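Q: Pasting protein08.txt below, which is compact mmCIF, C-alpha atoms and all ligand atoms.
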```txt
# COMPACT_ATOMS: atom_id res chain seq x y z
CA MET A 1 -26.27 -3.49 -8.50
CA ASN A 2 -23.86 -1.41 -10.58
CA ASN A 3 -20.17 -1.72 -9.86
CA ASN A 4 -18.48 1.56 -10.70
CA ILE A 5 -15.07 1.77 -9.08
CA LEU A 6 -12.82 4.81 -8.69
CA ILE A 7 -9.14 4.50 -7.82
CA ILE A 8 -7.52 7.71 -6.58
CA GLY A 9 -3.72 7.73 -6.90
CA ALA A 10 -3.98 5.12 -9.67
CA SER A 11 -0.66 6.01 -11.34
CA GLY A 12 1.35 4.99 -8.26
CA GLN A 13 3.05 1.72 -7.36
CA ILE A 14 -0.01 0.04 -5.83
CA GLY A 15 -2.79 2.02 -7.55
CA THR A 16 -1.68 1.01 -11.06
CA GLU A 17 -1.67 -2.69 -10.32
CA LEU A 18 -4.85 -2.43 -8.26
CA ALA A 19 -6.72 -0.87 -11.18
CA LEU A 20 -5.49 -3.58 -13.57
CA TYR A 21 -6.30 -6.31 -11.04
CA LEU A 22 -9.83 -4.96 -10.52
CA ARG A 23 -10.26 -4.86 -14.31
CA LYS A 24 -9.59 -8.64 -14.36
CA ARG A 25 -11.41 -9.54 -11.12
CA TYR A 26 -14.57 -7.63 -12.15
CA PRO A 27 -14.74 -7.73 -15.98
CA GLU A 28 -18.23 -6.18 -15.97
CA ALA A 29 -17.27 -3.26 -13.70
CA GLN A 30 -16.52 0.29 -14.79
CA ILE A 31 -12.96 0.98 -13.61
CA VAL A 32 -12.09 4.67 -13.38
CA ALA A 33 -8.40 5.27 -12.67
CA SER A 34 -7.44 8.79 -11.54
CA ASP A 35 -4.30 10.63 -10.47
CA ILE A 36 -2.72 14.07 -10.69
CA LYS A 37 -0.26 12.56 -13.15
CA GLU A 38 -0.68 10.34 -16.23
CA GLY A 39 -0.33 6.59 -15.68
CA ILE A 40 1.63 4.00 -17.68
CA PRO A 41 0.11 3.15 -21.11
CA GLU A 42 -1.20 -0.25 -19.91
CA LEU A 43 -3.24 1.54 -17.22
CA VAL A 44 -4.65 4.20 -19.53
CA GLU A 45 -5.54 1.60 -22.20
CA ASN A 46 -7.35 -0.76 -19.81
CA THR A 47 -9.30 1.69 -17.67
CA THR A 48 -11.14 4.95 -18.00
CA PHE A 49 -8.38 7.37 -16.98
CA GLU A 50 -9.11 10.83 -15.49
CA LEU A 51 -6.65 13.46 -14.30
CA LEU A 52 -7.83 14.42 -10.82
CA ASP A 53 -6.44 16.40 -7.89
CA ALA A 54 -8.00 14.62 -4.91
CA THR A 55 -7.40 17.61 -2.61
CA ASP A 56 -10.07 19.45 -4.62
CA THR A 57 -13.52 18.41 -3.32
CA ASP A 58 -15.37 19.69 -6.40
CA GLN A 59 -13.18 17.68 -8.76
CA VAL A 60 -13.78 14.52 -6.69
CA LEU A 61 -17.54 15.16 -6.57
CA ASN A 62 -17.66 15.68 -10.35
CA ILE A 63 -15.96 12.34 -11.03
CA LEU A 64 -18.18 10.50 -8.53
CA LYS A 65 -21.26 11.93 -10.25
CA LYS A 66 -20.01 11.52 -13.82
CA TYR A 67 -19.45 7.76 -13.40
CA ASN A 68 -22.05 7.03 -10.70
CA ILE A 69 -19.25 5.64 -8.51
CA ASN A 70 -20.09 3.36 -5.58
CA THR A 71 -16.60 2.15 -4.54
CA VAL A 72 -13.50 4.30 -3.99
CA TYR A 73 -9.95 3.14 -3.31
CA ILE A 74 -8.03 6.09 -1.83
CA MET A 75 -4.42 5.29 -2.76
CA ALA A 76 -3.01 8.84 -3.10
CA ALA A 77 -0.56 9.83 -0.38
CA MET A 78 2.97 11.04 0.24
CA LEU A 79 5.15 8.13 1.42
CA SER A 80 7.49 7.91 4.41
CA ALA A 81 10.93 8.89 3.10
CA VAL A 82 9.62 11.75 0.90
CA ALA A 83 7.30 12.98 3.68
CA GLU A 84 10.15 13.42 6.17
CA LYS A 85 11.68 16.01 3.80
CA VAL A 86 8.49 18.12 3.69
CA PRO A 87 6.59 17.22 6.86
CA MET A 88 3.90 19.93 6.76
CA LYS A 89 3.16 19.34 3.09
CA ALA A 90 2.92 15.59 3.70
CA TRP A 91 0.56 16.04 6.64
CA ASP A 92 -1.60 18.44 4.63
CA LEU A 93 -1.79 16.20 1.56
CA ASN A 94 -2.40 12.91 3.38
CA MET A 95 -5.09 14.31 5.66
CA THR A 96 -6.84 16.53 3.10
CA ILE A 97 -7.34 13.71 0.59
CA LEU A 98 -8.76 11.34 3.21
CA LEU A 99 -10.98 13.89 4.99
CA ASN A 100 -12.32 15.19 1.68
CA ILE A 101 -13.65 11.78 0.77
CA LEU A 102 -14.86 10.91 4.26
CA ASN A 103 -16.88 14.13 4.30
CA ILE A 104 -18.34 13.37 0.87
CA ALA A 105 -19.25 9.83 2.03
CA LYS A 106 -21.14 11.31 5.00
CA THR A 107 -23.86 12.42 2.62
CA HIS A 108 -23.43 9.69 -0.02
CA SER A 109 -24.38 6.64 2.01
CA ASP A 110 -24.05 4.25 -0.95
CA LEU A 111 -20.25 4.78 -1.13
CA LYS A 112 -17.89 2.03 0.01
CA LEU A 113 -14.33 3.20 0.73
CA PHE A 114 -10.88 1.65 1.04
CA TRP A 115 -8.05 3.61 2.64
CA PRO A 116 -4.66 1.99 3.32
CA SER A 117 -2.69 2.46 6.49
CA SER A 118 0.82 1.19 7.15
CA ILE A 119 3.28 -0.40 9.58
CA ALA A 120 4.34 3.24 10.05
CA VAL A 121 1.58 3.65 12.69
CA PHE A 122 3.90 1.79 15.05
CA GLY A 123 6.90 3.45 16.65
CA LYS A 124 9.98 2.98 18.80
CA THR A 125 7.85 2.01 21.83
CA THR A 126 5.99 -0.76 19.95
CA PRO A 127 7.20 -4.30 20.72
CA LYS A 128 9.25 -5.66 17.80
CA ASN A 129 6.45 -8.13 16.96
CA ALA A 130 3.48 -5.78 16.76
CA LYS A 131 0.06 -7.17 17.66
CA GLN A 132 -3.15 -5.74 16.20
CA TYR A 133 -3.74 -3.82 19.43
CA THR A 134 -0.47 -2.53 20.83
CA ILE A 135 1.38 0.72 21.50
CA THR A 136 1.06 3.05 18.51
CA GLU A 137 3.31 6.07 19.02
CA PRO A 138 4.65 6.79 15.52
CA ASN A 139 7.84 8.87 15.21
CA THR A 140 7.48 9.98 11.57
CA VAL A 141 5.10 12.47 9.97
CA TYR A 142 3.94 9.70 7.63
CA GLY A 143 3.16 7.46 10.62
CA ILE A 144 1.40 10.30 12.44
CA SER A 145 -0.76 10.93 9.35
CA LYS A 146 -1.59 7.20 9.03
CA LEU A 147 -2.50 6.84 12.72
CA SER A 148 -4.63 10.02 12.61
CA GLY A 149 -6.23 8.72 9.42
CA GLU A 150 -7.20 5.49 11.17
CA ARG A 151 -8.78 7.46 14.02
CA TRP A 152 -10.74 9.60 11.55
CA CYS A 153 -11.93 6.51 9.63
CA GLU A 154 -13.25 5.00 12.85
CA TYR A 155 -14.88 8.31 13.78
CA PHE A 156 -16.74 8.51 10.46
CA LYS A 157 -17.78 4.83 10.71
CA ASN A 158 -19.11 5.26 14.27
CA ASN A 159 -20.74 8.66 13.89
CA TYR A 160 -21.91 8.73 10.26
CA ASN A 161 -22.03 5.03 9.37
CA VAL A 162 -19.48 5.47 6.57
CA ASP A 163 -18.46 2.06 5.20
CA ILE A 164 -14.67 2.40 5.19
CA ARG A 165 -12.19 -0.47 5.31
CA THR A 166 -8.47 -0.36 6.06
CA ILE A 167 -5.48 -2.62 6.03
CA ARG A 168 -2.03 -1.77 7.33
CA TYR A 169 0.32 -2.68 4.51
CA PRO A 170 3.89 -3.73 5.20
CA GLY A 171 6.53 -2.76 2.57
CA ILE A 172 5.11 -3.69 -0.85
CA ILE A 173 7.42 -5.32 -3.41
CA SER A 174 6.54 -5.15 -7.11
CA TRP A 175 8.01 -4.77 -10.59
CA LYS A 176 5.45 -2.97 -12.81
CA VAL A 177 5.74 0.62 -11.54
CA ALA A 178 8.59 2.27 -9.61
CA ALA A 179 8.16 2.49 -5.84
CA GLY A 180 6.99 5.88 -4.53
CA GLY A 181 9.66 6.90 -1.99
CA GLY A 182 9.11 4.63 0.99
CA THR A 183 11.61 3.26 3.50
CA THR A 184 11.16 -0.31 2.25
CA ASP A 185 11.95 0.64 -1.39
CA TYR A 186 15.37 -1.01 -1.10
CA ALA A 187 13.56 -4.36 -1.44
CA VAL A 188 12.44 -3.24 -4.92
CA ASP A 189 15.61 -1.37 -6.03
CA ILE A 190 17.80 -4.35 -5.17
CA PHE A 191 16.22 -6.45 -7.95
CA TYR A 192 16.85 -3.80 -10.65
CA LYS A 193 20.48 -3.53 -9.57
CA ALA A 194 20.88 -7.32 -9.31
CA LEU A 195 19.88 -7.60 -12.97
CA GLU A 196 21.71 -4.48 -14.20
CA GLN A 197 25.06 -4.80 -12.41
CA ASN A 198 24.94 -7.81 -10.08
CA ASN A 199 25.59 -5.69 -6.99
CA TYR A 200 23.66 -3.28 -4.81
CA GLU A 201 24.49 -0.65 -2.22
CA CYS A 202 21.72 -0.83 0.38
CA PHE A 203 20.50 2.27 2.24
CA LEU A 204 19.52 0.19 5.29
CA ARG A 205 21.76 -1.83 7.63
CA LYS A 206 22.16 -5.50 6.85
CA ASP A 207 20.25 -6.56 9.99
CA SER A 208 17.31 -4.17 9.57
CA LYS A 209 14.36 -6.57 9.68
CA LEU A 210 11.01 -5.31 8.38
CA PRO A 211 7.63 -6.79 7.39
CA MET A 212 7.17 -7.09 3.61
CA MET A 213 4.64 -8.37 1.08
CA TYR A 214 4.63 -9.23 -2.61
CA MET A 215 2.21 -7.14 -4.70
CA ASP A 216 0.00 -10.10 -5.67
CA ASP A 217 -0.76 -10.72 -2.01
CA ALA A 218 -1.39 -7.01 -1.38
CA LEU A 219 -3.90 -6.91 -4.25
CA LYS A 220 -5.67 -9.99 -2.97
CA ALA A 221 -5.87 -8.53 0.56
CA THR A 222 -7.13 -5.17 -0.71
CA THR A 223 -9.89 -6.60 -2.89
CA ASP A 224 -10.86 -9.41 -0.47
CA ILE A 225 -11.52 -7.02 2.40
CA MET A 226 -13.67 -4.94 0.04
CA ALA A 227 -15.60 -8.01 -1.15
CA HIS A 228 -16.47 -8.95 2.45
CA LYS A 229 -19.89 -8.02 3.81
CA GLU A 230 -19.99 -4.80 5.82
CA PHE A 231 -18.03 -5.02 9.08
CA LYS A 232 -19.67 -4.10 12.37
CA ASN A 233 -16.59 -2.30 13.69
CA TYR A 234 -13.75 -0.42 12.01
CA ILE A 235 -10.46 -2.29 12.43
CA PRO A 236 -7.32 -1.15 10.56
CA TYR A 237 -6.23 -4.72 9.94
CA ASN A 238 -2.59 -5.79 10.17
CA VAL A 239 -1.83 -7.99 7.14
CA ALA A 240 1.49 -9.82 7.17
CA ALA A 241 3.28 -12.10 4.73
CA MET A 242 7.04 -12.22 5.41
CA SER A 243 9.74 -10.43 7.40
CA PHE A 244 13.36 -10.21 6.35
CA THR A 245 16.58 -8.21 6.53
CA PRO A 246 18.57 -6.89 3.53
CA GLU A 247 21.05 -9.69 4.24
CA ASP A 248 18.26 -12.32 4.02
CA LEU A 249 17.10 -10.83 0.72
CA ALA A 250 20.64 -10.82 -0.72
CA HIS A 251 20.89 -14.49 0.27
CA ALA A 252 17.61 -15.29 -1.52
CA ILE A 253 18.83 -13.46 -4.66
CA ARG A 254 22.12 -15.38 -4.55
CA LYS A 255 20.16 -18.65 -4.83
CA GLU A 256 19.14 -17.41 -8.31
CA ARG A 257 22.23 -15.33 -9.13
CA PRO A 258 25.22 -16.74 -7.22
CA ASP A 259 27.55 -13.82 -8.13
CA PHE A 260 25.30 -11.12 -6.66
CA SER A 261 26.99 -8.94 -4.02
CA ILE A 262 25.66 -6.34 -1.60
CA SER A 263 27.23 -3.52 0.42
CA TYR A 264 25.67 -1.26 3.04
CA ALA A 265 25.60 2.54 3.35
CA PRO A 266 22.71 3.38 5.70
CA ASP A 267 21.23 6.87 5.18
CA SER A 268 18.42 8.86 6.84
CA ARG A 269 15.90 6.14 5.95
CA GLN A 270 17.60 3.91 8.54
CA GLN A 271 16.22 6.16 11.30
CA ILE A 272 12.70 5.64 9.97
CA ALA A 273 13.19 1.87 9.68
CA ASP A 274 14.48 1.73 13.26
CA THR A 275 11.11 2.96 14.53
CA TRP A 276 9.13 0.19 12.78
CA PRO A 277 8.47 -3.34 14.03
CA ALA A 278 10.37 -6.33 12.65
CA SER A 279 7.17 -8.32 12.19
CA PHE A 280 3.49 -7.93 12.88
CA ASP A 281 0.71 -10.20 13.92
CA ASP A 282 -2.31 -10.46 11.64
CA ASP A 283 -4.56 -12.90 13.53
CA TYR A 284 -7.55 -10.56 13.31
CA ALA A 285 -7.44 -10.37 9.49
CA ARG A 286 -7.00 -14.15 9.23
CA GLN A 287 -9.97 -14.75 11.54
CA ASP A 288 -12.36 -12.00 10.41
CA TRP A 289 -12.06 -12.22 6.61
CA ASN A 290 -9.89 -15.27 5.95
CA TRP A 291 -6.75 -13.37 4.97
CA ASN A 292 -4.02 -15.69 3.81
CA HIS A 293 -0.77 -14.86 2.03
CA GLN A 294 0.81 -16.87 -0.75
CA PHE A 295 4.34 -15.51 -1.33
CA ASP A 296 7.40 -16.00 0.87
CA ILE A 297 10.86 -14.53 0.34
CA ASP A 298 12.02 -17.24 -2.11
CA SER A 299 8.89 -17.38 -4.28
CA MET A 300 8.73 -13.56 -4.34
CA THR A 301 12.41 -13.33 -5.35
CA LYS A 302 11.90 -15.76 -8.24
CA GLU A 303 8.86 -13.79 -9.48
CA MET A 304 10.63 -10.44 -9.21
CA LEU A 305 13.69 -11.57 -11.14
CA PHE A 306 11.59 -13.28 -13.80
CA HIS A 307 9.26 -10.33 -14.46
CA LEU A 308 11.91 -7.61 -14.20
CA ASN A 309 14.25 -9.51 -16.50
CA LYS A 310 11.46 -9.67 -19.10
CA LYS A 311 10.57 -5.99 -18.59
CA MET A 312 14.17 -4.83 -18.88
CA THR A 313 14.88 -6.76 -22.10
CA ILE A 314 11.84 -5.43 -23.99
N1 LIG A 401 4.13 1.03 -1.29
C1 LIG A 401 4.22 0.63 -0.05
O1 LIG A 401 5.16 -0.12 0.30
C2 LIG A 401 3.19 1.04 0.96
C3 LIG A 401 3.28 0.54 2.28
C4 LIG A 401 2.34 0.94 3.21
C5 LIG A 401 1.30 1.77 2.84
N2 LIG A 401 1.22 2.25 1.56
C6 LIG A 401 0.12 3.15 1.22
O2 LIG A 401 -0.54 2.69 0.04
C7 LIG A 401 -1.00 3.83 -0.71
C8 LIG A 401 -0.44 3.76 -2.13
O3 LIG A 401 0.97 3.72 -2.04
P1 LIG A 401 1.91 3.68 -3.34
O4 LIG A 401 3.13 2.96 -2.94
O5 LIG A 401 1.15 3.25 -4.52
O6 LIG A 401 2.27 5.23 -3.44
P2 LIG A 401 2.86 6.02 -4.71
O7 LIG A 401 3.63 7.18 -4.19
O8 LIG A 401 3.54 5.08 -5.65
O9 LIG A 401 1.54 6.53 -5.42
C9 LIG A 401 0.75 7.57 -4.89
C10 LIG A 401 0.05 8.24 -6.06
O10 LIG A 401 -0.76 9.30 -5.53
C11 LIG A 401 -0.74 10.33 -6.49
N3 LIG A 401 -1.15 11.61 -5.89
C12 LIG A 401 -0.40 12.42 -5.08
N4 LIG A 401 -1.10 13.53 -4.79
C13 LIG A 401 -2.31 13.41 -5.41
C14 LIG A 401 -3.46 14.23 -5.49
N5 LIG A 401 -3.51 15.43 -4.87
N6 LIG A 401 -4.52 13.79 -6.19
C15 LIG A 401 -4.48 12.60 -6.85
N7 LIG A 401 -3.41 11.78 -6.83
C16 LIG A 401 -2.34 12.19 -6.11
C17 LIG A 401 0.70 10.37 -7.00
O11 LIG A 401 0.79 11.03 -8.24
C18 LIG A 401 1.02 8.88 -7.08
O12 LIG A 401 0.78 8.35 -8.36
C19 LIG A 401 -0.55 5.07 0.07
O13 LIG A 401 -1.59 5.48 0.92
C20 LIG A 401 0.59 4.55 0.91
O14 LIG A 401 0.77 5.31 2.07
C21 LIG A 401 2.15 1.89 0.63
```
Could you express the structure from this file as structure tokens?

A:
Amino acid sequence: MNNNILIIGASGQIGTELALYLRKRYPEAQIVASDIKEGIPELVENTTFELLDATDTDQVLNILKKYNINTVYIMAAMLSAVAEKVPMKAWDLNMTILLNILNIAKTHSDLKLFWPSSIAVFGKTTPKNAKQYTITEPNTVYGISKLSGERWCEYFKNNYNVDIRTIRYPGIISWKVAAGGGTTDYAVDIFYKALEQNNYECFLRKDSKLPMMYMDDALKATTDIMAHKEFKNYIPYNVAAMSFTPEDLAHAIRKERPDFSISYAPDSRQQIADTWPASFDDDYARQDWNWNHQFDIDSMTKEMLFHLNKKMTI
């Protein structure tokens, strides 16, 4: 069977690394990376890159046809902190992109889809350790769009047999491409500042504990769930790796850079963080498709400092 893969939103934090990871994991596959904006040179050189506005159904259909695509990763979205500034635009963008592709897949039964959800589906009423099935009353427009997206994915799976798979990412930490305006971005920014100036002013409180994951684990989770045989039911799987506070992260950085200091000036992103759980339970993913993480806070910190140091001295 051919393996022609399209990534939508491929110039973003996760999409870029996903496209490059798929290139390595499936050397024979055709990897088409697409976004409304140009990607980094490494992405454009190692994939077939197409400029694409995923809100435009005709543009999406043309690309699917042109490359005979059978797998789509839908990574384009507006993230939590940016979305709160333009709630209606965020809702429109996040839902239009997903529903466009779900409706296309209704009549293209050979398409396999991945669409990521987030810890943002939880809210203030969710217990601080969120189970797979628990209260989901999100308080942000981003969370509302992710929860609605999950419901639509299940609807299309049940009513039109669309093969769509979802994981709920925690905050993703990586060094290759800048983070896209989420509430957990401090856990990326802190490493740049640690290397540049040995101190960081954090926009969350020191005790704000949130679930996080290193990019390598996120890529493994994303491609493993897609490599699994078709699931009977749609489950937007929780996938967890580690949970920490800004203070814990500063402590981990200090093990590598003893002079590093941190101060705290919480801004509007604190209100978003306060609605999210401190940790979440991923038993279903571990049982159903053998999800397992590799990186903890210390191994992730070492990797981040090593790769960013190299990147910043080039
Ligand atoms: N990064 C995280 O920590 C995190 C956590 C939970 C969930 N997620 C989800 O993972 C997915 C990818 O996140 P990310 O961090 O890479 O986001 P990002 O903001 O870095 O990238 C999103 C990309 O989508 C592109 N895009 C926006 N509108 C588009 C359009 N109309 N057509 C085509 N492309 C468009 C943007 O140009 C951008 O490159 C999103 O669905 C996000 O909600 C991310």

Q: So, counting all atoms listed in the file, which residue among A:Val162, A:Ala54, A:Ala221, A:Leu308 is closest to ligand LIG 401 (chain A)?

A: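 Of A:Val162, A:Ala54, A:Ala221, A:Leu308, the one nearest ligand LIG 401 (chain A), counting all atoms listed in the file, is A:Ala54.
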
Q: Quick one: residues within 9 Å of ligand LIG 401 (chain A), with all atoms listed in the file, as JSON, numbers by chain?

A: {"A": [8, 9, 10, 11, 12, 13, 14, 15, 16, 17, 34, 35, 36, 37, 38, 39, 51, 52, 53, 54, 55, 56, 74, 75, 76, 77, 78, 79, 80, 93, 94, 96, 97, 115, 116, 117, 118, 119, 120, 142, 146, 167, 168, 169, 170, 171, 172, 173, 174, 177, 178, 179, 180, 181, 182, 183, 184, 185, 212, 213]}

Q: Go through A:Asn161, A:Thr301, A:Gln30, A:Ser148 one by one, measure the shortest atom-to-atom distance of each to Leu99 of chain A using all atoms listed in the file, and give the residue with the smallest value.

A: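 Counting all atoms listed in the file, the residue closest to Leu99 of chain A is A:Ser148.
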
Q: Which polymer residues have any atom within 9 Å of an atom of segment 230-234 of chain A, counting only C-alpha atoms, with same-chain residues fewer than 2 positions away left out, as JSON, numbers by chain?

A: {"A": [150, 153, 154, 155, 157, 158, 163, 164, 165, 166, 226, 227, 228, 236, 237]}

Q: Residues proximal to (-15.0, -7.6, -9.9) were defined as those with any atom within 12 Å of that point in the file's coordinates, counting only C-alpha atoms. Which are they, as a list in words?

A: Asn2, Asn3, Asn4, Ile5, Leu18, Ala19, Leu20, Tyr21, Leu22, Arg23, Lys24, Arg25, Tyr26, Pro27, Glu28, Ala29, Gln30, Ile31, Thr71, Lys220, Thr223, Asp224, Met226 and Ala227 of chain A

Q: Show me, as lines of an AutoDock Vina configuration file, the centre and edge lengths in Å to one decimal of the axis-aligned box that covers every listed atom of segment 195-204 of chain A with 8 Å on each side.

A:
```
center_x = 22.6
center_y = -2.8
center_z = -4.5
size_x = 22.1
size_y = 26.1
size_z = 35.5
```

Q: Point out the residue among A:Ala194, A:Ala278, A:Val141, A:Met215 with the least atom-to-atom distance to Leu249 of chain A, counting all atoms listed in the file.

A: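 The closest residue to Leu249 of chain A is A:Ala194.
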
Q: Restricting the calculation to all atoms listed in the file, which member of A:Ser109, A:Ser268, A:Thr313, A:Asn238 is positioned closest to Trp289 of chain A?

A: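 Ranked by minimum distance to Trp289 of chain A, first place goes to A:Asn238.
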
Q: Which residues are close to Ala265 of chain A, i.e. within 12 Å by only C-alpha atoms, leaving aside same-chain residues fewer than 5 positions away? Reply as a list of chain:residue names.

A: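 Counting only the stated atoms, we get A:Tyr186, A:Tyr200, A:Glu201, A:Cys202, A:Phe203, A:Leu204, A:Arg205, A:Lys206, A:Pro246, A:Gln270.
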
Q: A:Tyr160, A:Trp91, A:Tyr264, A:Tyr214: which is nearest His293 of chain A, counting all atoms listed in the file?

A: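 Distance minimum relative to His293 of chain A lands on A:Tyr214.
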
Q: To one decimal place, how far is atom CA of Tyr284 of chain A from atom CA of Ala241 of chain A in Å?

A: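 Computing the Euclidean distance for atom CA of Tyr284 of chain A and atom CA of Ala241 of chain A yields 13.9 Å.
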
Q: Would you mind telling me which residue in A:Phe280, A:Trp175, A:Phe260, A:Tyr73 lies nearest to Pro211 of chain A when using all atoms listed in the file?

A: A:Phe280

Q: Distance atom CA of Thr107 of chain A-atom CA of Phe156 of chain A, one decimal place?

A: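 Between these atoms lies a distance of 11.3 Å.
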
Q: Could you add whatever atoms are missing so that segment 261-286 of chain A carries N, CA and C atoms, then write the result as a JSON list (two decimals), in the coordinates of the input?

A:
```json
[["chain", "number", "residue", "atom", "x", "y", "z"],
["A", 261, "SER", "N", 26.38, -9.43, -5.27],
["A", 261, "SER", "CA", 26.99, -8.94, -4.02],
["A", 261, "SER", "C", 26.25, -7.71, -3.52],
["A", 262, "ILE", "N", 26.36, -7.48, -2.22],
["A", 262, "ILE", "CA", 25.66, -6.34, -1.60],
["A", 262, "ILE", "C", 26.61, -5.63, -0.65],
["A", 263, "SER", "N", 26.49, -4.29, -0.59],
["A", 263, "SER", "CA", 27.23, -3.52, 0.42],
["A", 263, "SER", "C", 26.22, -2.61, 1.11],
["A", 264, "TYR", "N", 26.63, -2.00, 2.21],
["A", 264, "TYR", "CA", 25.67, -1.26, 3.04],
["A", 264, "TYR", "C", 26.16, 0.16, 3.30],
["A", 265, "ALA", "N", 25.30, 1.14, 3.05],
["A", 265, "ALA", "CA", 25.60, 2.54, 3.35],
["A", 265, "ALA", "C", 24.31, 3.18, 3.89],
["A", 266, "PRO", "N", 23.98, 2.89, 5.15],
["A", 266, "PRO", "CA", 22.71, 3.38, 5.70],
["A", 266, "PRO", "C", 22.61, 4.91, 5.62],
["A", 267, "ASP", "N", 21.44, 5.42, 5.20],
["A", 267, "ASP", "CA", 21.23, 6.87, 5.18],
["A", 267, "ASP", "C", 20.07, 7.23, 6.11],
["A", 268, "SER", "N", 19.44, 8.39, 5.89],
["A", 268, "SER", "CA", 18.42, 8.86, 6.84],
["A", 268, "SER", "C", 17.22, 7.90, 6.93],
["A", 269, "ARG", "N", 17.03, 7.08, 5.91],
["A", 269, "ARG", "CA", 15.90, 6.14, 5.95],
["A", 269, "ARG", "C", 16.08, 5.08, 7.03],
["A", 270, "GLN", "N", 17.35, 4.87, 7.46],
["A", 270, "GLN", "CA", 17.60, 3.91, 8.54],
["A", 270, "GLN", "C", 16.88, 4.34, 9.83],
["A", 271, "GLN", "N", 16.88, 5.69, 10.08],
["A", 271, "GLN", "CA", 16.22, 6.16, 11.30],
["A", 271, "GLN", "C", 14.72, 5.88, 11.27],
["A", 272, "ILE", "N", 14.14, 5.96, 10.08],
["A", 272, "ILE", "CA", 12.70, 5.64, 9.97],
["A", 272, "ILE", "C", 12.51, 4.15, 10.22],
["A", 273, "ALA", "N", 13.32, 3.33, 9.55],
["A", 273, "ALA", "CA", 13.19, 1.87, 9.68],
["A", 273, "ALA", "C", 13.34, 1.43, 11.14],
["A", 274, "ASP", "N", 14.23, 2.12, 11.88],
["A", 274, "ASP", "CA", 14.48, 1.73, 13.26],
["A", 274, "ASP", "C", 13.26, 1.93, 14.16],
["A", 275, "THR", "N", 12.31, 2.73, 13.70],
["A", 275, "THR", "CA", 11.11, 2.96, 14.53],
["A", 275, "THR", "C", 10.00, 1.94, 14.21],
["A", 276, "TRP", "N", 10.20, 1.12, 13.20],
["A", 276, "TRP", "CA", 9.13, 0.19, 12.78],
["A", 276, "TRP", "C", 9.36, -1.20, 13.35],
["A", 277, "PRO", "N", 8.29, -1.98, 13.50],
["A", 277, "PRO", "CA", 8.47, -3.34, 14.03],
["A", 277, "PRO", "C", 9.15, -4.25, 13.03],
["A", 278, "ALA", "N", 9.71, -5.35, 13.52],
["A", 278, "ALA", "CA", 10.37, -6.33, 12.65],
["A", 278, "ALA", "C", 9.33, -7.26, 12.01],
["A", 279, "SER", "N", 8.24, -7.46, 12.73],
["A", 279, "SER", "CA", 7.17, -8.32, 12.19],
["A", 279, "SER", "C", 5.86, -7.86, 12.81],
["A", 280, "PHE", "N", 4.76, -8.24, 12.23],
["A", 280, "PHE", "CA", 3.49, -7.93, 12.88],
["A", 280, "PHE", "C", 2.49, -9.05, 12.73],
["A", 281, "ASP", "N", 1.60, -9.07, 13.72],
["A", 281, "ASP", "CA", 0.71, -10.20, 13.92],
["A", 281, "ASP", "C", -0.65, -9.88, 13.29],
["A", 282, "ASP", "N", -1.08, -10.77, 12.38],
["A", 282, "ASP", "CA", -2.31, -10.46, 11.64],
["A", 282, "ASP", "C", -3.45, -11.44, 11.92],
["A", 283, "ASP", "N", -3.50, -11.95, 13.15],
["A", 283, "ASP", "CA", -4.56, -12.90, 13.53],
["A", 283, "ASP", "C", -5.97, -12.38, 13.24],
["A", 284, "TYR", "N", -6.19, -11.10, 13.50],
["A", 284, "TYR", "CA", -7.55, -10.56, 13.31],
["A", 284, "TYR", "C", -7.99, -10.67, 11.85],
["A", 285, "ALA", "N", -7.09, -10.30, 10.92],
["A", 285, "ALA", "CA", -7.44, -10.37, 9.49],
["A", 285, "ALA", "C", -7.67, -11.82, 9.08],
["A", 286, "ARG", "N", -6.85, -12.73, 9.60],
["A", 286, "ARG", "CA", -7.00, -14.15, 9.23],
["A", 286, "ARG", "C", -8.32, -14.69, 9.76]]
```
